[in-house]
$ cat work_7.txt   # compact mmCIF, C-alpha atoms and all ligand atoms
# COMPACT_ATOMS: atom_id res chain seq x y z
CA MET P 1 3.44 18.79 -5.95
CA ASN P 2 1.14 17.88 -8.81
CA ILE P 3 2.27 17.69 -12.40
CA ILE P 4 0.54 20.90 -13.51
CA GLU P 5 2.10 23.00 -10.75
CA LEU P 6 5.39 21.38 -11.49
CA HIS P 7 5.16 22.15 -15.16
CA LYS P 8 4.44 25.81 -14.47
CA LYS P 9 7.26 26.18 -12.02
CA PHE P 10 9.99 24.09 -13.61
CA ASN P 11 9.41 24.07 -17.35
CA THR P 12 12.90 25.15 -18.44
CA GLN P 13 16.40 23.94 -17.76
CA ARG P 14 17.30 27.37 -16.40
CA LYS P 15 14.49 27.40 -13.83
CA CYS P 16 15.49 23.95 -12.61
CA ILE P 17 19.18 24.84 -12.40
CA GLU P 18 18.42 28.00 -10.47
CA HIS P 19 16.27 26.04 -8.07
CA LEU P 20 19.00 23.46 -7.51
CA GLU P 21 21.60 26.19 -7.01
CA LYS P 22 19.45 27.87 -4.40
CA ILE P 23 18.92 24.60 -2.53
CA ARG P 24 22.51 23.44 -2.72
CA TRP P 25 24.45 26.66 -2.31
CA GLY P 26 22.12 29.39 -1.15
CA LYS P 27 23.63 32.57 -2.54
CA LEU P 28 27.26 31.58 -2.99
CA PRO P 29 28.29 29.03 -5.61
CA THR P 30 30.78 26.68 -3.96
CA CYS P 31 33.45 24.76 -5.81
CA PRO P 32 32.74 21.04 -5.26
CA TYR P 33 36.42 20.25 -5.71
CA CYS P 34 38.04 22.64 -3.24
CA ASN P 35 35.11 24.28 -1.43
CA GLU P 36 36.17 27.74 -2.60
CA GLN P 37 33.41 30.35 -2.40
CA GLU P 38 35.17 33.64 -3.04
CA HIS P 39 37.14 33.33 -6.25
CA ILE P 40 34.41 31.98 -8.45
CA ALA P 41 33.66 33.41 -11.88
CA ASP P 42 30.27 33.02 -13.49
CA ARG P 43 30.35 31.66 -17.04
CA LYS P 44 27.29 33.34 -18.37
CA ASN P 45 24.62 31.25 -20.06
CA GLU P 46 26.39 27.97 -19.59
CA PHE P 47 25.14 27.16 -16.10
CA ARG P 48 28.80 26.72 -15.24
CA TYR P 49 31.27 28.42 -12.94
CA GLN P 50 35.02 28.74 -13.02
CA CYS P 51 36.95 28.25 -9.80
CA ASN P 52 39.99 30.49 -9.74
CA ASN P 53 41.40 28.70 -6.74
CA CYS P 54 41.75 25.19 -8.17
CA GLY P 55 41.22 26.10 -11.81
CA ARG P 56 38.37 23.71 -12.48
CA SER P 57 34.95 24.52 -13.81
CA PHE P 58 31.76 23.11 -12.36
CA SER P 59 28.00 23.28 -12.38
CA VAL P 60 25.52 22.62 -9.59
CA LEU P 61 25.06 19.09 -10.93
CA VAL P 62 28.56 17.87 -10.01
CA ASP P 63 28.41 15.08 -7.39
CA THR P 64 24.64 14.86 -7.45
CA VAL P 65 22.30 12.24 -8.89
CA PHE P 66 21.88 14.53 -11.91
CA GLU P 67 25.57 14.52 -12.82
CA ASP P 68 26.44 13.68 -16.44
CA THR P 69 22.84 13.31 -17.45
CA ASN P 70 21.52 13.75 -20.97
CA MET P 71 17.97 14.05 -19.78
CA PRO P 72 16.71 17.64 -19.42
CA LEU P 73 16.08 18.66 -15.83
CA PRO P 74 12.36 19.46 -16.33
CA ILE P 75 11.93 15.76 -17.19
CA TRP P 76 13.97 14.76 -14.16
CA PHE P 77 11.68 16.84 -11.97
CA GLN P 78 8.63 15.20 -13.51
CA LEU P 79 10.16 11.77 -13.03
CA ILE P 80 10.66 12.53 -9.34
CA ALA P 81 7.11 13.85 -9.00
CA LEU P 82 5.65 10.77 -10.70
CA MET P 83 7.59 8.47 -8.40
CA ILE P 84 6.70 10.41 -5.26
CA ASN P 85 3.04 10.73 -6.15
CA SER P 86 2.44 7.05 -6.76
CA LYS P 87 2.14 5.28 -3.46
CA MET P 88 2.36 1.83 -5.03
CA GLY P 89 5.28 2.56 -7.35
CA VAL P 90 5.55 3.00 -11.13
CA SER P 91 7.28 0.64 -13.54
CA SER P 92 10.04 1.97 -15.78
CA LYS P 93 7.91 1.08 -18.78
CA GLU P 94 5.14 3.31 -17.52
CA LEU P 95 7.58 6.11 -16.61
CA GLY P 96 9.07 5.89 -20.09
CA ARG P 97 5.65 6.17 -21.70
CA GLN P 98 4.58 9.11 -19.58
CA LEU P 99 7.80 11.06 -20.00
CA GLY P 100 8.56 10.21 -23.60
CA ILE P 101 11.91 8.58 -22.82
CA THR P 102 13.14 5.03 -23.35
CA GLN P 103 12.35 2.38 -20.78
CA LYS P 104 16.06 1.91 -20.28
CA SER P 105 16.77 5.49 -19.31
CA ALA P 106 13.60 5.56 -17.21
CA TRP P 107 14.86 2.51 -15.31
CA PHE P 108 18.32 3.89 -14.85
CA ASN P 109 17.27 7.36 -13.79
CA ALA P 110 14.58 6.00 -11.47
CA MET P 111 17.36 4.05 -9.76
CA LYS P 112 19.19 7.31 -9.19
CA VAL P 113 16.06 8.90 -7.76
CA ARG P 114 15.88 5.94 -5.38
CA CYS P 115 19.38 6.92 -4.23
CA ALA P 116 17.95 10.31 -3.30
CA MET P 117 15.31 8.44 -1.32
CA LEU P 118 17.92 6.79 0.90
CA ASP P 119 16.89 9.02 3.73
CA GLU P 120 16.97 7.68 7.25
CA GLY P 121 14.92 10.51 8.70
CA ASP P 122 14.69 10.83 12.46
CA PHE P 123 15.16 8.08 15.01
CA LEU P 124 12.09 5.94 15.55
CA ASP P 125 10.68 6.28 19.04
CA GLY P 126 7.81 5.32 21.32
CA ILE P 127 6.00 2.09 20.48
CA VAL P 128 7.84 0.34 17.64
CA GLU P 129 6.94 -2.88 15.84
CA MET P 130 9.67 -5.04 14.35
CA ASP P 131 9.14 -7.92 11.95
CA GLU P 132 10.62 -9.66 8.91
CA ALA P 133 9.32 -10.33 5.44
CA TYR P 134 10.73 -12.41 2.61
CA MET P 135 11.18 -10.64 -0.66
CA GLY P 136 12.37 -10.98 -4.18
CA GLY P 137 13.64 -13.98 -5.99
CA LYS P 138 11.62 -15.86 -8.52
CA PRO P 139 8.07 -16.91 -7.80
CA ARG P 140 7.83 -20.15 -5.89
CA LYS P 141 8.20 -23.07 -8.22
CA PRO P 142 6.93 -26.54 -7.59
CA VAL P 143 9.73 -28.98 -6.83
CA ILE P 144 9.02 -32.45 -8.11
CA LYS P 145 10.94 -35.22 -6.42
CA TYR P 146 11.90 -38.43 -8.17
CA PRO P 147 13.21 -40.93 -5.63
CA ASP P 148 14.49 -44.12 -7.26
CA ASN P 149 13.61 -42.65 -10.65
CA VAL P 150 9.93 -43.13 -10.00
CA PRO P 151 8.10 -39.91 -10.77
CA ILE P 152 5.92 -38.74 -7.96
CA LEU P 153 2.94 -36.77 -9.03
CA SER P 154 2.43 -34.79 -5.86
CA ARG P 155 4.16 -31.46 -5.84
CA VAL P 156 6.13 -30.17 -2.93
CA TYR P 157 6.07 -26.40 -2.83
CA GLU P 158 8.81 -24.34 -1.33
CA LYS P 159 8.28 -23.24 2.20
CA ARG P 160 6.85 -19.85 2.97
CA GLY P 161 8.20 -17.47 5.59
CA ARG P 162 11.24 -18.28 7.70
CA GLY P 163 13.38 -20.93 6.08
CA THR P 164 12.73 -19.97 2.43
CA ARG P 165 15.36 -19.07 -0.12
CA LYS P 166 13.98 -15.57 -0.57
CA VAL P 167 15.75 -12.53 0.83
CA PRO P 168 14.86 -11.62 4.41
CA VAL P 169 14.02 -7.97 4.96
CA VAL P 170 13.59 -6.58 8.44
CA GLY P 171 11.36 -3.61 9.13
CA ILE P 172 10.76 -1.42 12.15
CA VAL P 173 7.85 0.99 12.25
CA ALA P 174 7.12 3.66 14.84
CA ARG P 175 3.40 3.74 15.47
CA GLN P 176 3.07 7.35 16.38
CA SER P 177 5.24 9.06 13.79
CA GLY P 178 4.37 6.46 11.14
CA GLN P 179 7.98 6.22 10.02
CA VAL P 180 9.47 2.96 8.86
CA ALA P 181 13.05 1.69 8.52
CA THR P 182 13.89 -1.37 6.43
CA LYS P 183 17.02 -3.36 5.78
CA VAL P 184 18.07 -6.56 4.05
CA ILE P 185 19.51 -8.87 6.71
CA GLU P 186 20.78 -12.18 5.42
CA LYS P 187 21.08 -13.89 8.78
CA LEU P 188 18.34 -13.19 11.24
CA THR P 189 20.48 -13.56 14.34
CA THR P 190 19.90 -11.69 17.59
CA ARG P 191 23.14 -9.81 17.02
CA ASN P 192 22.16 -8.56 13.55
CA LEU P 193 18.64 -7.68 14.56
CA LEU P 194 19.86 -5.84 17.63
CA ALA P 195 22.38 -3.87 15.56
CA MET P 196 19.59 -2.74 13.28
CA PHE P 197 17.36 -1.87 16.23
CA ARG P 198 20.08 0.27 17.76
CA ARG P 199 20.81 2.05 14.54
CA TYR P 200 17.24 3.16 13.92
CA VAL P 201 15.48 3.33 17.27
CA LYS P 202 15.90 5.79 20.09
CA GLU P 203 16.17 3.19 22.84
CA ASP P 204 15.31 5.50 25.69
CA GLY P 205 11.58 5.19 26.31
CA ALA P 206 10.98 2.78 23.43
CA ILE P 207 8.58 -0.15 23.69
CA LEU P 208 9.25 -2.92 21.20
CA ILE P 209 6.57 -5.30 19.94
CA THR P 210 7.49 -8.43 17.97
CA ASP P 211 6.18 -11.90 17.42
CA GLU P 212 7.71 -14.84 19.28
CA PHE P 213 10.60 -15.48 16.88
CA SER P 214 13.49 -16.72 19.00
CA SER P 215 16.03 -14.16 17.74
CA TYR P 216 14.05 -11.45 19.51
CA LYS P 217 14.18 -13.17 22.92
CA LYS P 218 17.33 -11.45 24.12
CA PHE P 219 15.86 -8.04 23.36
CA ASP P 220 14.19 -8.32 26.78
CA GLU P 221 17.52 -7.39 28.34
CA VAL P 222 17.85 -4.21 26.31
CA VAL P 223 14.41 -2.73 25.88
CA GLU P 224 10.84 -2.99 27.13
CA HIS P 225 9.73 -5.87 24.92
CA LEU P 226 6.24 -7.28 24.38
CA THR P 227 5.47 -10.25 22.17
CA ILE P 228 2.42 -11.62 20.45
CA ASP P 229 2.12 -15.32 19.76
CA HIS P 230 0.77 -15.53 16.23
CA THR P 231 -0.04 -19.20 16.55
CA LYS P 232 -2.64 -18.22 19.12
CA GLU P 233 -3.84 -14.71 18.36
CA PHE P 234 -3.29 -11.69 16.11
CA ALA P 235 -3.62 -8.95 18.65
CA ARG P 236 -3.94 -8.48 22.36
CA GLY P 237 -4.99 -4.86 22.85
CA VAL P 238 -2.09 -2.69 21.76
CA ILE P 239 0.18 -5.71 21.45
CA HIS P 240 0.17 -6.49 17.74
CA THR P 241 2.36 -6.09 14.68
CA ASN P 242 -0.42 -4.97 12.34
CA THR P 243 1.27 -1.70 11.41
CA ILE P 244 4.43 -3.28 10.06
CA GLU P 245 2.37 -5.99 8.40
CA GLY P 246 0.38 -3.27 6.66
CA PHE P 247 3.65 -1.91 5.31
CA TRP P 248 4.71 -5.37 4.12
CA SER P 249 1.52 -5.83 2.17
CA LEU P 250 1.91 -2.39 0.56
CA LEU P 251 5.48 -3.24 -0.37
CA LYS P 252 4.71 -6.70 -1.68
CA ASN P 253 1.68 -5.63 -3.69
CA GLY P 254 3.51 -2.63 -5.10
CA ILE P 255 6.45 -4.73 -6.18
CA LYS P 256 4.30 -7.51 -7.55
CA GLY P 257 2.09 -5.09 -9.48
CA ASN P 258 4.85 -3.01 -11.02
CA PHE P 259 8.07 -4.91 -11.01
CA ARG P 260 7.17 -8.63 -10.88
CA ALA P 261 10.32 -9.86 -9.21
CA ILE P 262 13.28 -7.82 -8.08
CA SER P 263 16.75 -9.27 -7.84
CA LYS P 264 18.56 -9.26 -4.55
CA LYS P 265 21.07 -6.77 -5.90
CA TYR P 266 18.47 -4.09 -6.55
CA LEU P 267 16.16 -4.82 -3.65
CA PRO P 268 17.73 -2.17 -1.34
CA PHE P 269 16.83 0.54 -3.86
CA TYR P 270 13.18 -0.45 -3.96
CA LEU P 271 13.13 -0.75 -0.18
CA ALA P 272 14.50 2.79 -0.02
CA GLU P 273 11.71 4.04 -2.27
CA TYR P 274 8.85 2.33 -0.47
CA SER P 275 10.14 3.09 3.03
CA TYR P 276 10.73 6.72 2.11
CA LYS P 277 7.30 7.20 0.64
CA TYR P 278 5.63 5.40 3.52
CA SER P 279 7.50 7.50 6.08
CA LYS P 280 6.60 10.73 4.28
CA ARG P 281 3.01 9.82 3.52
CA ARG P 282 1.53 12.07 6.19
CA ARG P 283 3.54 15.00 4.88
CA ALA P 284 2.94 14.61 1.17
CA ASP P 285 3.66 18.29 0.52
CA ILE P 286 7.29 17.95 1.54
CA GLY P 287 7.93 14.73 -0.37
CA PHE P 288 8.94 16.34 -3.65
CA SER P 289 11.06 19.17 -2.24
CA GLN P 290 12.76 16.83 0.21
CA THR P 291 13.71 14.47 -2.59
CA ILE P 292 15.16 17.32 -4.66
CA LYS P 293 17.10 18.41 -1.60
CA ASN P 294 18.47 14.90 -1.10
CA ALA P 295 19.30 14.65 -4.78
CA VAL P 296 21.74 17.56 -4.59
CA ALA P 297 23.06 16.74 -1.13
CA GLU P 298 25.95 14.74 -2.48
CA ASP P 299 27.30 13.36 0.75
CA LYS P 300 23.84 12.27 1.80
CA CYS P 301 22.63 10.34 -1.19
CA LEU P 302 25.79 8.91 -2.63
CA VAL P 303 28.53 8.83 -0.08
CA ASN P 304 27.46 8.08 3.46
CA LEU P 305 24.77 5.51 3.16
CA LYS P 306 25.16 1.82 2.88
CA PRO P 307 24.00 0.74 -0.59
CA LYS P 308 26.47 3.32 -1.89
CA GLY P 309 28.79 0.68 -3.29
CA ASP P 310 26.01 -0.75 -5.36
CA VAL P 311 24.80 2.66 -6.39
CA LYS P 312 28.15 3.63 -7.82
CA LYS P 313 28.43 0.31 -9.55
CA ILE P 314 25.09 0.79 -11.21
CA VAL P 315 25.71 4.42 -12.03
CA TYR P 316 29.15 3.97 -13.48
CA LYS P 317 28.88 0.54 -15.00
CA LYS P 318 25.74 1.43 -16.88
CA LYS P 319 27.24 4.66 -18.14
CA LYS P 320 29.84 2.83 -20.18
CA LEU P 321 27.28 0.75 -22.05
ZN ZN U 1 37.97 24.89 -6.78
$ encode --input "work_7.txt" --output "structure tokens"
Amino acid sequence: MNIIELHKKFNTQRKCIEHLEKIRWGKLPTCPYCNEQEHIADRKNEFRYQCNNCGRSFSVLVDTVFEDTNMPLPIWFQLIALMINSKMGVSSKELGRQLGITQKSAWFNAMKVRCAMLDEGDFLDGIVEMDEAYMGGKPRKPVIKYPDNVPILSRVYEKRGRGTRKVPVVGIVARQSGQVATKVIEKLTTRNLLAMFRRYVKEDGAILITDEFSSYKKFDEVVEHLTIDHTKEFARGVIHTNTIEGFWSLLKNGIKGNFRAISKKYLPFYLAEYSYKYSKRRRADIGFSQTIKNAVAEDKCLVNLKPKGDVKKIVYKKKKL
């Protein structure tokens, strides 16, 4: 949805609330504390309801990424649209400028939107490519060695690729559906890689393509597995990992252009954003509405998924500041 359409449709708090209520509850407001649907009284004009079963009052924002926010919902909706519409990502500085809010609240609320982007979608199937990239951390610094206190002028740069101190991220992309799944995996062992593969890929009928990294060797026993030796060639017909490498370059350029370096702690949130947008890129029309849907689906965005611990820490720790 573009910004003009969005502004027409969701320019007041009431319109946004009504939209969220429709998505979250349908016709019947449901108490988030006791799931009561029948004995609910409407507190007119306050966007709040009173539950006569448990005695608590609530609004549609309870247990969603919008809970306890000071930012008006029309601005939230615009924030989401800006994030969804920019393929390469937007910095919090830029978001702040465009929305007329501080960089700090732009950063914080964008993090919450990223929680709504923690969406695993469907299982990946068919031909899938799996590969790792090394993300985050500070830019590579030259390490100067001084053996026996004699300065050596030549600089030894940190290694690239496997064996660096950066954070390894593993990605799997399904060629046909164009969906991608990503995950930070500290130790690239066969066991960890296989666990990720099983979590995201529908094994039945899948064909896996990787490079010759030794941790993928045992995959032969589990799935139809083809490898490409990158020391010799980039592609042999359909056997290549160009699709996942395309995603890595999008991710790396996006992060470099907008965020410089991202700490390990926050990396999963940015991965969620880029993977989500990449997976939805062929269905741009549903991107915005899907994100709103995820944002009010409390158990989806904040409870079930893995970076949840971190999310809560960020959400609640920052709130006290
Ligand atoms: Zn209740």
$ closest_residue --input "work_7.txt" --among "P:Ala41, P:Val184, P:Met111, P:Val167" --to "ligand ZN 1 (chain U)" --atoms "all atoms listed in the file"
P:Ala41
$ atom_distance --input "work_7.txt" --atom1 "CA of His19 (chain P)" --atom2 "CA of Thr102 (chain P)"
26.2 Å
$ residues_near_ligand --input "work_7.txt" --ligand "ligand ZN 1 (chain U)" --cutoff "8 Å" --atoms "all atoms listed in the file" --output "list in words"
Thr30, Cys31, Pro32, Tyr33, Cys34, Asn35, Glu36, Gln50, Cys51, Asn52, Asn53, Cys54, Gly55, Arg56 and Ser57 of chain P
$ atom_distance --input "work_7.txt" --atom1 "CA of Glu132 (chain P)" --atom2 "CA of Lys265 (chain P)"
18.4 Å
$ closest_residue --input "work_7.txt" --among "P:Phe47, P:Trp76, P:Tyr200, P:Phe58" --to "Phe10 (chain P)" --atoms "only C-alpha atoms"
P:Trp76
$ closest_atom_pairs --input "work_7.txt" --of "region 161-190 of chain P" --to "region 216-240 of chain P" --cutoff "10 Å" --atoms "only C-alpha atoms" --output "CSV"
residue,atom,partner,partner_atom,distance
P:Leu188,CA,P:Tyr216,CA,9.5
P:Thr189,CA,P:Tyr216,CA,8.5
P:Thr190,CA,P:Tyr216,CA,6.2
$ write_last_selection --input "work_7.txt" --atoms "C-alpha atoms" --output "PDB file, in the frame of the given file"
ATOM      1  CA  LEU P 188      18.340 -13.190  11.240  1.00  0.00           C
ATOM      2  CA  THR P 189      20.480 -13.560  14.340  1.00  0.00           C
ATOM      3  CA  THR P 190      19.900 -11.690  17.590  1.00  0.00           C
TER       4      THR P 190
END
$ atom_distance --input "work_7.txt" --atom1 "CA of Pro29 (chain P)" --atom2 "CA of Ala110 (chain P)"
27.4 Å
$ closest_residue --input "work_7.txt" --among "P:Gly287, P:Gly100, P:Gly126, P:Pro268" --to "Val170 (chain P)" --atoms "all atoms listed in the file"
P:Pro268
$ closest_residue --input "work_7.txt" --among "P:Ser249, P:Val296, P:Gln13, P:Gly178" --to "Thr64 (chain P)" --atoms "all atoms listed in the file"
P:Val296
$ closest_residue --input "work_7.txt" --among "P:Ile101, P:Ile172, P:Ala295, P:Met135" --to "Ile244 (chain P)" --atoms "all atoms listed in the file"
P:Ile172
$ residues_around --input "work_7.txt" --residues "Glu5 (chain P)" --least-positions-apart "2" --cutoff "12 Å" --atoms "only C-alpha atoms" --output "JSON list (two decimals) with C-alpha atoms, in the coordinates of the input"
[["chain", "number", "residue", "atom", "x", "y", "z"],
["P", 1, "MET", "CA", 3.44, 18.79, -5.95],
["P", 2, "ASN", "CA", 1.14, 17.88, -8.81],
["P", 3, "ILE", "CA", 2.27, 17.69, -12.40],
["P", 7, "HIS", "CA", 5.16, 22.15, -15.16],
["P", 8, "LYS", "CA", 4.44, 25.81, -14.47],
["P", 9, "LYS", "CA", 7.26, 26.18, -12.02],
["P", 10, "PHE", "CA", 9.99, 24.09, -13.61],
["P", 11, "ASN", "CA", 9.41, 24.07, -17.35],
["P", 77, "PHE", "CA", 11.68, 16.84, -11.97],
["P", 78, "GLN", "CA", 8.63, 15.20, -13.51],
["P", 81, "ALA", "CA", 7.11, 13.85, -9.00],
["P", 288, "PHE", "CA", 8.94, 16.34, -3.65]]
$ residues_near_point --input "work_7.txt" --point "(7.4, 0.1, -21.6)" --cutoff "6 Å" --atoms "all atoms listed in the file" --output "PyMOL selection string"
chain P and resi 93-94+103
$ closest_residue --input "work_7.txt" --among "P:Ile84, P:Ala181, P:Ile17, P:Ile209" --to "Arg283 (chain P)" --atoms "all atoms listed in the file"
P:Ile84
$ build_atoms --input "work_7.txt" --residues "region 206-226 of chain P" --atoms "N, CA and C atoms" --output "compact mmCIF listing (two decimals), in the frame of the given file"
# COMPACT_ATOMS: atom_id res chain seq x y z
N ALA P 206 11.63 3.57 24.49
CA ALA P 206 10.98 2.78 23.43
C ALA P 206 10.31 1.53 24.00
N ILE P 207 9.22 1.13 23.37
CA ILE P 207 8.58 -0.15 23.69
C ILE P 207 8.53 -0.95 22.39
N LEU P 208 9.15 -2.12 22.42
CA LEU P 208 9.25 -2.92 21.20
C LEU P 208 8.20 -4.03 21.20
N ILE P 209 7.53 -4.20 20.08
CA ILE P 209 6.57 -5.30 19.94
C ILE P 209 7.00 -6.19 18.76
N THR P 210 7.14 -7.47 19.02
CA THR P 210 7.49 -8.43 17.97
C THR P 210 6.62 -9.67 18.13
N ASP P 211 6.79 -10.60 17.19
CA ASP P 211 6.18 -11.90 17.42
C ASP P 211 7.15 -12.74 18.25
N GLU P 212 6.92 -14.04 18.34
CA GLU P 212 7.71 -14.84 19.28
C GLU P 212 8.97 -15.47 18.66
N PHE P 213 9.39 -14.98 17.53
CA PHE P 213 10.60 -15.48 16.88
C PHE P 213 11.77 -15.45 17.87
N SER P 214 12.51 -16.56 17.93
CA SER P 214 13.49 -16.72 19.00
C SER P 214 14.60 -15.68 18.99
N SER P 215 14.94 -15.15 17.80
CA SER P 215 16.03 -14.16 17.74
C SER P 215 15.69 -12.87 18.48
N TYR P 216 14.42 -12.66 18.78
CA TYR P 216 14.05 -11.45 19.51
C TYR P 216 14.09 -11.63 21.03
N LYS P 217 14.28 -12.90 21.48
CA LYS P 217 14.18 -13.17 22.92
C LYS P 217 15.09 -12.30 23.76
N LYS P 218 16.36 -12.20 23.31
CA LYS P 218 17.33 -11.45 24.12
C LYS P 218 17.08 -9.95 24.18
N PHE P 219 16.17 -9.46 23.34
CA PHE P 219 15.86 -8.04 23.36
C PHE P 219 15.31 -7.61 24.72
N ASP P 220 14.75 -8.60 25.44
CA ASP P 220 14.19 -8.32 26.78
C ASP P 220 15.20 -7.61 27.68
N GLU P 221 16.49 -7.95 27.46
CA GLU P 221 17.52 -7.39 28.34
C GLU P 221 17.84 -5.94 28.00
N VAL P 222 17.43 -5.52 26.80
CA VAL P 222 17.85 -4.21 26.31
C VAL P 222 16.72 -3.18 26.35
N VAL P 223 15.51 -3.66 26.07
CA VAL P 223 14.41 -2.73 25.88
C VAL P 223 13.13 -3.35 26.43
N GLU P 224 12.17 -2.53 26.76
CA GLU P 224 10.84 -2.99 27.13
C GLU P 224 10.27 -3.74 25.93
N HIS P 225 10.03 -5.04 26.08
CA HIS P 225 9.73 -5.87 24.92
C HIS P 225 8.46 -6.69 25.15
N LEU P 226 7.48 -6.52 24.28
CA LEU P 226 6.24 -7.28 24.38
C LEU P 226 6.10 -8.16 23.15
